Structures are given as structure tokens and as C-alpha cells.
$ cat run16.csv   # CSV, C-alpha atoms
chain,number,residue,atom,x,y,z
D,1,MET,CA,85.8,193.0,54.7
D,2,ALA,CA,86.0,189.5,53.4
D,3,VAL,CA,89.0,187.3,54.5
D,4,ASN,CA,89.9,183.7,54.4
D,5,PHE,CA,90.1,182.4,58.0
D,6,ASN,CA,92.0,179.2,58.5
D,7,MET,CA,90.8,177.1,61.4
D,8,GLY,CA,91.7,173.7,60.1
D,9,PHE,CA,89.1,174.1,57.3
D,10,ALA,CA,88.6,176.8,54.7
D,11,ILE,CA,85.8,179.2,55.6
D,12,SER,CA,84.9,182.6,54.4
D,13,VAL,CA,84.1,185.0,57.2
D,14,ILE,CA,83.3,188.7,57.8
D,15,ILE,CA,85.1,190.3,60.6
D,16,ILE,CA,82.6,191.9,63.0
D,17,ALA,CA,84.8,193.3,65.7
D,18,ALA,CA,88.3,192.9,67.1
D,19,ALA,CA,89.4,194.2,70.5
D,20,ALA,CA,91.8,193.2,73.2
D,21,GLY,CA,93.1,190.3,71.1
D,22,VAL,CA,89.7,188.8,70.6
D,23,TRP,CA,88.3,188.3,67.1
D,24,VAL,CA,84.7,187.8,66.5
D,25,VAL,CA,83.8,186.4,63.1
D,26,ALA,CA,80.6,185.4,61.4
D,27,ALA,CA,80.7,182.5,59.0
D,28,GLN,CA,78.7,182.2,55.9
D,29,SER,CA,76.6,179.6,57.7
D,30,SER,CA,75.6,182.3,60.2
D,31,LYS,CA,77.8,180.7,62.9
D,32,GLU,CA,79.6,183.2,65.1
D,33,ILE,CA,83.1,182.2,66.0
D,34,ILE,CA,85.2,183.9,68.7
D,35,VAL,CA,88.9,183.5,68.4
D,36,LYS,CA,91.4,184.4,71.1
D,37,THR,CA,95.1,183.8,71.8
D,38,VAL,CA,95.7,182.5,75.4
D,39,ARG,CA,99.3,181.9,76.5
D,40,GLY,CA,100.4,181.6,72.9
D,41,GLN,CA,97.7,179.2,71.9
D,42,LYS,CA,94.7,179.9,69.6
D,43,VAL,CA,91.4,179.0,71.3
D,44,CYS,CA,87.9,179.4,69.9
D,45,ASP,CA,84.2,179.5,70.9
D,46,GLN,CA,81.5,178.5,68.4
D,47,GLY,CA,78.4,179.3,70.4
D,48,TRP,CA,76.1,176.6,71.8
D,49,GLU,CA,77.8,173.7,70.0
D,50,CYS,CA,81.4,174.3,71.1
D,51,LYS,CA,81.5,176.8,73.9
D,52,GLY,CA,84.2,177.8,76.4
D,53,LEU,CA,87.3,179.0,74.4
D,54,SER,CA,88.9,175.6,73.6
D,55,LYS,CA,91.5,174.7,71.0
D,56,PHE,CA,89.2,172.0,69.8
D,57,CYS,CA,86.5,174.6,69.0
D,58,CYS,CA,88.9,176.0,66.4
D,59,ASN,CA,88.1,173.0,64.2
D,60,GLN,CA,84.9,172.1,62.5
D,61,THR,CA,82.1,171.1,64.9
D,62,ILE,CA,80.2,167.9,64.5
D,63,SER,CA,77.1,169.5,62.9
D,64,ASP,CA,79.4,170.8,60.1
D,65,PHE,CA,80.0,167.3,58.8
D,66,PHE,CA,77.3,165.1,60.5
D,67,GLN,CA,73.8,166.3,60.1
D,68,THR,CA,70.2,165.1,60.6
D,69,TYR,CA,69.9,163.2,57.3
D,70,GLN,CA,73.1,161.2,58.1
D,71,PHE,CA,71.8,160.3,61.6
D,72,GLU,CA,68.6,159.1,59.9
D,73,ASN,CA,70.6,157.0,57.4
D,74,LEU,CA,72.6,155.4,60.2
D,75,PHE,CA,69.5,154.6,62.4
D,76,ALA,CA,66.9,154.2,59.7
D,77,LYS,CA,65.0,151.4,61.4
D,78,ARG,CA,64.9,152.8,64.9
D,79,ASN,CA,61.2,153.9,64.7
D,80,THR,CA,59.8,150.8,62.9
D,81,PRO,CA,57.2,148.6,64.6
D,82,VAL,CA,59.8,146.0,65.7
D,83,ALA,CA,61.8,148.6,67.7
D,84,HIS,CA,61.4,149.1,71.4
D,85,ALA,CA,62.3,152.8,71.8
D,86,VAL,CA,60.1,154.4,69.1
D,87,GLY,CA,60.2,158.2,69.2
D,88,PHE,CA,62.9,158.3,71.9
D,89,TRP,CA,66.2,158.8,70.0
D,90,ASP,CA,66.8,161.7,67.6
D,91,TYR,CA,69.5,163.8,66.1
D,92,LYS,CA,68.7,166.8,68.4
D,93,SER,CA,69.4,164.7,71.5
D,94,PHE,CA,72.7,163.5,70.1
D,95,ILE,CA,74.0,166.9,69.0
D,96,THR,CA,72.8,168.5,72.2
D,97,ALA,CA,74.7,165.9,74.3
D,98,ALA,CA,77.8,166.2,72.1
D,99,ALA,CA,77.9,170.0,72.8
D,100,THR,CA,79.0,169.2,76.3
D,101,TYR,CA,82.0,167.2,75.0
D,102,GLN,CA,83.1,168.9,71.8
D,103,PRO,CA,85.1,171.5,73.7
D,104,LEU,CA,87.0,168.5,75.3
D,105,GLY,CA,87.8,167.0,71.9
D,106,PHE,CA,84.9,164.7,71.2
D,107,GLY,CA,84.4,164.8,67.4
D,108,THR,CA,86.6,167.9,67.3
D,109,THR,CA,90.1,166.4,67.5
D,110,GLY,CA,92.5,166.4,64.5
D,111,GLY,CA,91.4,167.1,61.0
D,112,LYS,CA,88.0,166.3,59.4
D,113,LEU,CA,88.8,162.7,58.6
D,114,THR,CA,89.7,161.9,62.3
D,115,GLN,CA,86.7,163.8,63.5
D,116,MET,CA,84.3,161.9,61.2
D,117,LYS,CA,86.0,158.6,62.1
D,118,GLU,CA,85.5,159.2,65.8
D,119,VAL,CA,81.8,160.0,65.4
D,120,ALA,CA,81.4,156.8,63.4
D,121,ALA,CA,83.4,154.8,66.0
D,122,PHE,CA,81.3,156.1,68.9
D,123,LEU,CA,78.0,155.5,67.0
D,124,GLY,CA,79.3,152.1,65.9
D,125,HIS,CA,79.4,151.1,69.6
D,126,VAL,CA,76.0,152.7,70.2
D,127,GLY,CA,74.4,151.0,67.2
D,128,ALA,CA,75.8,147.6,68.0
D,129,LYS,CA,74.7,147.8,71.7
D,130,THR,CA,71.2,148.9,70.8
D,131,THR,CA,70.6,146.7,67.7
D,132,TYR,CA,68.2,143.8,67.2
D,133,PRO,CA,69.3,140.3,66.3
D,134,THR,CA,67.5,139.2,63.1
D,135,SER,CA,66.6,135.9,64.6
D,136,LYS,CA,63.8,137.7,66.4
D,137,ILE,CA,62.4,139.6,63.4
D,138,HIS,CA,61.3,138.9,59.8
D,139,LEU,CA,64.3,139.1,57.5
D,140,ASP,CA,62.1,140.2,54.7
D,141,ASP,CA,61.6,143.5,56.5
D,142,ILE,CA,65.3,144.3,56.7
D,143,SER,CA,67.2,145.5,53.7
D,144,ASP,CA,70.6,145.9,55.3
D,145,ARG,CA,72.1,143.0,57.3
D,146,TRP,CA,75.4,141.4,58.0
D,147,LEU,CA,76.5,137.8,58.6
D,148,TRP,CA,79.1,137.1,61.3
D,149,GLY,CA,79.9,133.6,62.3
D,150,GLY,CA,76.5,132.4,61.4
D,151,ASN,CA,74.6,135.0,63.6
D,152,ARG,CA,72.9,137.7,61.7
D,153,TRP,CA,72.6,141.2,62.9
D,154,THR,CA,71.0,144.2,61.3
D,155,THR,CA,73.3,147.2,61.0
D,156,GLY,CA,70.3,149.5,60.3
D,157,MET,CA,68.6,148.5,63.6
D,158,GLY,CA,70.8,150.6,66.0
D,159,LEU,CA,69.0,152.6,68.6
D,160,CYS,CA,66.2,150.1,68.6
D,161,TYR,CA,66.3,150.0,72.5
D,162,ASN,CA,66.9,152.4,75.3
D,163,LYS,CA,66.8,149.8,78.1
D,164,GLU,CA,67.1,146.1,78.8
D,165,MET,CA,63.8,144.4,78.0
D,166,SER,CA,63.8,141.4,80.4
D,167,PRO,CA,66.2,142.1,83.3
D,168,SER,CA,67.2,138.9,85.0
D,169,GLN,CA,68.2,140.7,88.2
D,170,ASP,CA,68.3,144.2,89.8
D,171,TYR,CA,72.1,144.5,89.4
D,172,CYS,CA,72.7,145.7,92.9
D,173,ASP,CA,76.2,144.7,94.1
D,174,GLU,CA,76.5,145.0,97.9
D,175,TYR,CA,80.3,145.1,97.6
D,176,TYR,CA,79.9,148.8,96.8
D,177,LYS,CA,77.4,149.5,99.6
D,178,TYR,CA,79.5,152.2,101.1
D,179,ASP,CA,80.5,154.1,97.9
D,180,TYR,CA,77.4,153.4,95.8
D,181,PRO,CA,74.6,152.1,98.0
D,182,CYS,CA,71.6,150.7,96.2
D,183,ALA,CA,68.5,152.9,96.6
D,184,PRO,CA,65.4,151.1,97.9
D,185,GLY,CA,63.4,149.9,94.9
D,186,ALA,CA,65.9,151.0,92.3
D,187,GLN,CA,66.9,148.6,89.5
D,188,TYR,CA,70.2,149.0,87.8
D,189,TYR,CA,69.6,147.0,84.7
D,190,GLY,CA,71.0,148.1,81.3
D,191,ARG,CA,69.9,151.5,80.0
D,192,GLY,CA,71.2,154.0,77.6
D,193,ALA,CA,73.1,154.4,74.3
D,194,ILE,CA,76.0,152.4,75.6
D,195,PRO,CA,74.1,150.6,78.3
D,196,ILE,CA,74.9,151.1,81.9
D,197,TYR,CA,74.7,148.2,84.3
D,198,TRP,CA,75.1,147.9,88.1
D,199,ASN,CA,74.8,150.4,90.9
D,200,TYR,CA,78.5,151.3,90.9
D,201,ASN,CA,78.4,152.2,87.3
D,202,TYR,CA,75.3,154.3,87.7
D,203,GLY,CA,76.9,156.0,90.7
D,204,ALA,CA,80.1,156.8,88.8
D,205,VAL,CA,78.3,158.1,85.7
D,206,GLY,CA,76.0,160.1,87.8
D,207,GLU,CA,79.0,161.8,89.6
D,208,GLY,CA,80.5,162.6,86.2
D,209,LEU,CA,77.3,164.1,84.9
D,210,LYS,CA,76.2,165.7,88.2
D,211,GLU,CA,73.0,163.7,88.1
D,212,ASP,CA,71.6,161.5,90.8
D,213,LEU,CA,71.5,158.3,88.8
D,214,LEU,CA,72.2,156.2,91.9
D,215,ASN,CA,68.8,157.1,93.3
D,216,HIS,CA,67.2,157.6,89.9
D,217,PRO,CA,68.6,155.2,87.3
D,218,GLU,CA,65.4,155.6,85.4
D,219,TYR,CA,66.5,159.0,84.2
D,220,ILE,CA,68.6,157.4,81.5
D,221,GLU,CA,65.6,155.7,79.9
D,222,GLN,CA,63.5,158.9,80.2
D,223,ASN,CA,65.8,161.4,78.6
D,224,ALA,CA,67.6,160.7,75.3
D,225,THR,CA,70.0,163.6,75.7
D,226,LEU,CA,71.1,162.4,79.1
D,227,ALA,CA,71.4,158.8,77.7
D,228,PHE,CA,73.8,160.1,75.0
D,229,GLN,CA,75.7,162.2,77.5
D,230,ALA,CA,76.2,159.1,79.7
D,231,ALA,CA,77.6,157.2,76.8
D,232,MET,CA,79.9,160.1,75.8
D,233,TRP,CA,81.1,160.5,79.4
D,234,ARG,CA,82.1,156.9,79.4
D,235,TRP,CA,83.8,157.3,76.0
D,236,MET,CA,85.8,160.4,77.2
D,237,THR,CA,86.7,159.1,80.7
D,238,PRO,CA,89.3,156.5,81.6
D,239,VAL,CA,88.0,153.5,83.6
D,240,LYS,CA,91.0,153.7,85.8
D,241,LYS,CA,93.8,156.1,86.5
D,242,GLY,CA,96.8,155.5,84.3
D,243,GLN,CA,94.6,153.9,81.5
D,244,PRO,CA,93.4,155.7,78.4
D,245,SER,CA,89.9,156.7,77.6
D,246,ALA,CA,88.3,155.3,74.5
D,247,HIS,CA,88.5,158.7,73.0
D,248,ASP,CA,92.3,159.0,73.7
D,249,ALA,CA,92.9,155.5,72.4
D,250,PHE,CA,91.0,156.2,69.2
D,251,VAL,CA,92.3,159.6,68.2
D,252,GLY,CA,95.9,158.8,69.0
D,253,ASN,CA,96.4,160.9,72.2
D,254,TRP,CA,97.4,157.7,74.0
D,255,LYS,CA,100.9,156.4,73.6
D,256,PRO,CA,101.2,152.7,74.3
D,257,THR,CA,103.9,151.5,76.7
D,258,LYS,CA,106.1,148.5,76.0
D,259,ASN,CA,103.7,146.4,78.1
D,260,ASP,CA,100.8,147.6,76.0
D,261,THR,CA,102.6,146.6,72.8
D,262,LEU,CA,103.4,143.2,74.2
D,263,ALA,CA,99.7,142.9,75.1
D,264,LYS,CA,98.9,143.8,71.5
D,265,ARG,CA,97.1,147.0,72.5
D,266,PHE,CA,97.4,149.6,69.9
D,267,PRO,CA,95.8,153.0,69.3
D,268,GLY,CA,92.6,152.5,67.3
D,269,PHE,CA,89.1,151.0,67.3
D,270,GLY,CA,90.1,147.7,68.7
D,271,THR,CA,91.4,149.2,72.0
D,272,THR,CA,88.1,151.1,72.4
D,273,MET,CA,86.4,147.8,72.8
D,274,ASN,CA,89.0,146.6,75.3
D,275,ILE,CA,88.4,149.7,77.4
D,276,LEU,CA,84.6,149.7,77.2
D,277,TYR,CA,83.9,145.9,77.5
D,278,GLY,CA,87.1,144.1,78.6
D,279,ASP,CA,86.9,140.4,78.4
D,280,ASN,CA,83.2,140.4,77.6
D,281,VAL,CA,84.3,141.1,74.1
D,282,CYS,CA,88.1,141.1,73.8
D,283,GLY,CA,90.9,138.6,74.2
D,284,GLN,CA,88.6,135.8,72.9
D,285,GLY,CA,89.6,135.5,69.3
D,286,ASP,CA,87.3,136.1,66.4
D,287,VAL,CA,83.9,136.1,68.3
D,288,ASP,CA,80.5,137.5,67.3
D,289,SER,CA,80.3,139.9,70.2
D,290,MET,CA,83.4,141.7,68.8
D,291,ASN,CA,82.5,141.4,65.1
D,292,VAL,CA,79.1,142.9,65.4
D,293,ILE,CA,80.6,146.1,66.9
D,294,ILE,CA,83.2,146.2,64.1
D,295,SER,CA,80.6,145.7,61.4
D,296,HIS,CA,78.6,148.7,62.7
D,297,TYR,CA,81.6,150.9,62.7
D,298,GLN,CA,82.5,149.9,59.1
D,299,TYR,CA,79.0,150.3,57.9
D,300,TYR,CA,78.7,153.7,59.4
D,301,LEU,CA,82.0,154.8,57.8
D,302,ASP,CA,80.5,153.8,54.5
D,303,LEU,CA,77.2,155.7,55.1
D,304,MET,CA,79.1,158.8,56.2
D,305,GLY,CA,81.1,158.8,53.0
D,306,VAL,CA,84.4,158.0,54.7
D,307,GLY,CA,84.7,154.4,53.6
D,308,ARG,CA,85.5,151.3,55.6
D,309,GLU,CA,89.0,151.2,54.1
D,310,GLU,CA,89.8,154.0,56.6
D,311,ALA,CA,89.0,151.7,59.5
D,312,GLY,CA,92.6,150.5,59.6
D,313,PRO,CA,94.4,147.1,59.5
D,314,HIS,CA,93.3,144.1,61.4
D,315,GLU,CA,95.5,144.6,64.4
D,316,VAL,CA,94.1,148.1,64.9
D,317,LEU,CA,90.5,147.3,64.2
D,318,THR,CA,90.1,144.2,66.4
D,319,CYS,CA,90.8,143.2,70.0
D,320,GLY,CA,90.5,139.4,69.8
D,321,GLU,CA,94.2,138.9,70.6
D,322,GLN,CA,94.5,141.8,73.0
D,323,VAL,CA,95.2,141.3,76.8
D,324,VAL,CA,92.4,143.2,78.5
D,325,PHE,CA,93.1,146.2,80.7
D,326,ASN,CA,90.7,145.2,83.4
D,327,PRO,CA,90.0,141.5,83.7
D,328,SER,CA,86.5,140.8,85.0
D,329,PHE,CA,85.6,139.3,88.4
D,330,LYS,CA,82.4,137.6,89.5
D,331,SER,CA,80.1,140.1,91.2
D,332,SER,CA,79.2,139.3,94.8
D,333,SER,CA,75.6,139.4,93.7
$ encode --input "run16.csv" --output "C-alpha cells"
Amino acid sequence: MAVNFNMGFAISVIIIAAAAGVWVVAAQSSKEIIVKTVRGQKVCDQGWECKGLSKFCCNQTISDFFQTYQFENLFAKRNTPVAHAVGFWDYKSFITAAATYQPLGFGTTGGKLTQMKEVAAFLGHVGAKTTYPTSKIHLDDISDRWLWGGNRWTTGMGLCYNKEMSPSQDYCDEYYKYDYPCAPGAQYYGRGAIPIYWNYNYGAVGEGLKEDLLNHPEYIEQNATLAFQAAMWRWMTPVKKGQPSAHDAFVGNWKPTKNDTLAKRFPGFGTTMNILYGDNVCGQGDVDSMNVIISHYQYYLDLMGVGREEAGPHEVLTCGEQVVFNPSFKSSS
């Protein structure tokens, strides 16, 4: 029996079974979808990619609109000779990591446009933080490049790294020796898709992922799925209680207070930079460290067919004039 099943997108399905208020449907793409009503709310399960009866799983999943060829387009230069993580990053690792967070709303919040924009935003951060400044490579080898404030960056060079190449220190902060004591011989230099630094950050991320990253920070540079999961955990998790996560700030779940408005913090991409990087990037005007992240986001919107015009107005896209949520302090190290 063919029916038209509306879950935020048009899909033709064949009803397999229905019992006790649970509908099991098979889509034309061979994806089995379980739909159930719990306390008056529709919840769904879409198998391995969006599992656990979540309202977010009633929307399209990431693989429905972002597939292997698009990942390859976004990160086209990651396996070239100038890269330093050849063979490490791939689409399978990304989509496997995303399966953990799609039931929580990562890439599954709102309609298709919002979903695509969030994936582009997240990967914009990833691309910018793992890219290669063109001052270190031959420009003739790069077809896509951007110019920001006189410093050139290649937008196609994202996922060029999976770790900091020449650490200047071991990033062990003894201030956190009781909560996150440094393991003997461990080095907490930058690793991952959105690089993790310092023992206290490895400890917090490890707790979130239920992985012993405090004793084994090297896991992040050894496992691409775990590296993506760590970045997604940071994207989905507030830095402090009472503050939004980057996810909530981007998709509109966060409602700014009067103080936020006075601080020029608005829902959108700009505030995700504020949350993730604080005054390393934001509150400094029109600086390169901010613009390179924005350029990646816009470029990825173009490549995904959304278009950079959907990135929003200047006050939403940037954080140069924002007051940061968490001002930095000098580490005791």
C-alpha cells in the first residue's frame, strides 16, 4: 500500500507493519523508519544514522542531503602531498561520528535549509582550523583561494592536519591538577577536527565521550571518527552552565537576554565563534582569525548548493564587535 508520509520532507513509503501505535515504514531508499507517538509527540528512529526514537530523527538525516561526493568537494586537497594527515579523514568517519549526535539535533534540527546550513557551519569551523596558509605552499598548486586582510588561505585545504605539527609546550596546566591531572609523559597539544588543547579540555571532552583522553590524548590523532566526535561534542555542549552551545546559538534554540543584545551577541554563525574561541577570535574587530572561519563557511555553503547569501547579515555572521562570553586568562603554565 503506497502512501505519502510527511516527516518534514516528501517521501514515498510502503507500510510494513503497525502495532501498538508504532509504524514501521520502508522508504524508497531502503531506509527503514520507525515512527511512534510518545506523550503526544511524534518520534522516529532511522536505524544506525539516527537511532533512539527522537523527534529530530523524524527529519531528513545528514546522509540524505550531504553525501560522499560533497565531502570530497569541500576537502578536495586533504590528501595532496602538501597535507599532513593524508588518508586520515574521510566521509565514513564523519557520518559515523554524526550518528551519535543526530538524535540530539545535530544536522537534524529544523527544515532542510537549516540542517544544511548547520553542517556547513560546523565544517566551516573544521576546515578553517585544519587548513594550510598559502604562504607555506606553492600558489600555483591551489585553484581555490581567498584573500583576507593580505593573508591568503586556501579554502580547499581543510582537514590538512589532524594534530599540531610543532608544539611549543606540552599544554599541562597544574591549576587543574586535582580535576584533570596531567598523565606522566602525556602531551596535550592541539589535535582533532576542532583542535583540543590543554589537559583540562582533554579531560572534559573525554568525560563527554566516555573515553580516557586525559591519559591517552593521542587517541584523537589515531581515530578520525573519535576526532570528529570530539568536535561535535564541543559543538553540542555549552562551555558553561547558563550559556548556549554553538549548536543552540546557530539553529535558534538560544534566546538572547537583554545583556546578550547589549553585548551584540545574536543567534547565528558569529556567536558560534564567540562560544568556541572567545577573545582569541572575537571582540577584536575585522581580524584575519575571524575572517578565515567565515570564508570557509561561506565557501562551503556555495559548494553544498545553499549559497553564501543564506549566511545572514553582517551582525549575525561576524563576532568582531561582540563581547565574549568567557574572557581568557593567562594559564599558570
$ closest_residue --input "run16.csv" --among "D:Thr100, D:Thr108, D:Thr114, D:Asn201" --to "Val306 (chain D)" --atoms "all atoms listed in the file"
D:Thr114
$ residues_around --input "run16.csv" --residues "Thr68 (chain D)" --least-positions-apart "4" --cutoff "9 Å" --atoms "all atoms listed in the file" --output "PDB file with C-alpha atoms, in the frame of the given file"
ATOM      1  CA  SER D  63      77.100 169.500  62.900  1.00  0.00           C
ATOM      2  CA  GLU D  72      68.600 159.100  59.900  1.00  0.00           C
ATOM      3  CA  ASN D  73      70.600 157.000  57.400  1.00  0.00           C
ATOM      4  CA  ASP D  90      66.800 161.700  67.600  1.00  0.00           C
ATOM      5  CA  TYR D  91      69.500 163.800  66.100  1.00  0.00           C
ATOM      6  CA  LYS D  92      68.700 166.800  68.400  1.00  0.00           C
TER       7      LYS D  92
END
$ residues_around --input "run16.csv" --residues "Ala224 (chain D)" --least-positions-apart "6" --cutoff "8 Å" --atoms "all atoms listed in the file" --output "list in words"
Phe88, Trp89, Asp90, Ser93, Phe94 and Gly192 of chain D
$ residues_near_point --input "run16.csv" --point "(90.0, 148.4, 68.8)" --cutoff "6 Å" --atoms "all atoms listed in the file" --output "number ranges by chain"
D: 268-273, 316-319
$ residues_around --input "run16.csv" --residues "region 171-175 of chain D" --least-positions-apart "6" --cutoff "12 Å" --atoms "only C-alpha atoms" --output "short mmCIF file (atom, residue, chain, number, x, y, z; two decimals) with C-alpha atoms, in the coordinates of the input"
data_model
loop_
_atom_site.label_atom_id
_atom_site.label_comp_id
_atom_site.auth_asym_id
_atom_site.auth_seq_id
_atom_site.Cartn_x
_atom_site.Cartn_y
_atom_site.Cartn_z
CA GLU D 164 67.10 146.10 78.80
CA PRO D 181 74.60 152.10 98.00
CA CYS D 182 71.60 150.70 96.20
CA ALA D 183 68.50 152.90 96.60
CA PRO D 184 65.40 151.10 97.90
CA GLY D 185 63.40 149.90 94.90
CA ALA D 186 65.90 151.00 92.30
CA GLN D 187 66.90 148.60 89.50
CA TYR D 188 70.20 149.00 87.80
CA TYR D 189 69.60 147.00 84.70
CA GLY D 190 71.00 148.10 81.30
CA ARG D 191 69.90 151.50 80.00
CA ILE D 196 74.90 151.10 81.90
CA TYR D 197 74.70 148.20 84.30
CA TRP D 198 75.10 147.90 88.10
CA ASN D 199 74.80 150.40 90.90
CA TYR D 200 78.50 151.30 90.90
CA ASN D 201 78.40 152.20 87.30
CA TYR D 202 75.30 154.30 87.70
CA GLY D 203 76.90 156.00 90.70
CA LEU D 214 72.20 156.20 91.90
CA PRO D 217 68.60 155.20 87.30
CA LYS D 330 82.40 137.60 89.50
CA SER D 331 80.10 140.10 91.20
CA SER D 332 79.20 139.30 94.80
CA SER D 333 75.60 139.40 93.70
#
$ atom_distance --input "run16.csv" --atom1 "CA of Gly87 (chain D)" --atom2 "CA of Val119 (chain D)"
22.0 Å
$ closest_residue --input "run16.csv" --among "D:Glu49, D:Glu321, D:Glu309, D:Asp64" --to "Tyr101 (chain D)" --atoms "only C-alpha atoms"
D:Glu49
$ closest_residue --input "run16.csv" --among "D:Ile220, D:Ala120, D:Val205, D:Met232" --to "Ile293 (chain D)" --atoms "all atoms listed in the file"
D:Ala120
$ atom_distance --input "run16.csv" --atom1 "CA of Ile33 (chain D)" --atom2 "CA of Lys55 (chain D)"
12.3 Å
$ atom_distance --input "run16.csv" --atom1 "CA of Phe325 (chain D)" --atom2 "CA of Asp212 (chain D)"
28.3 Å
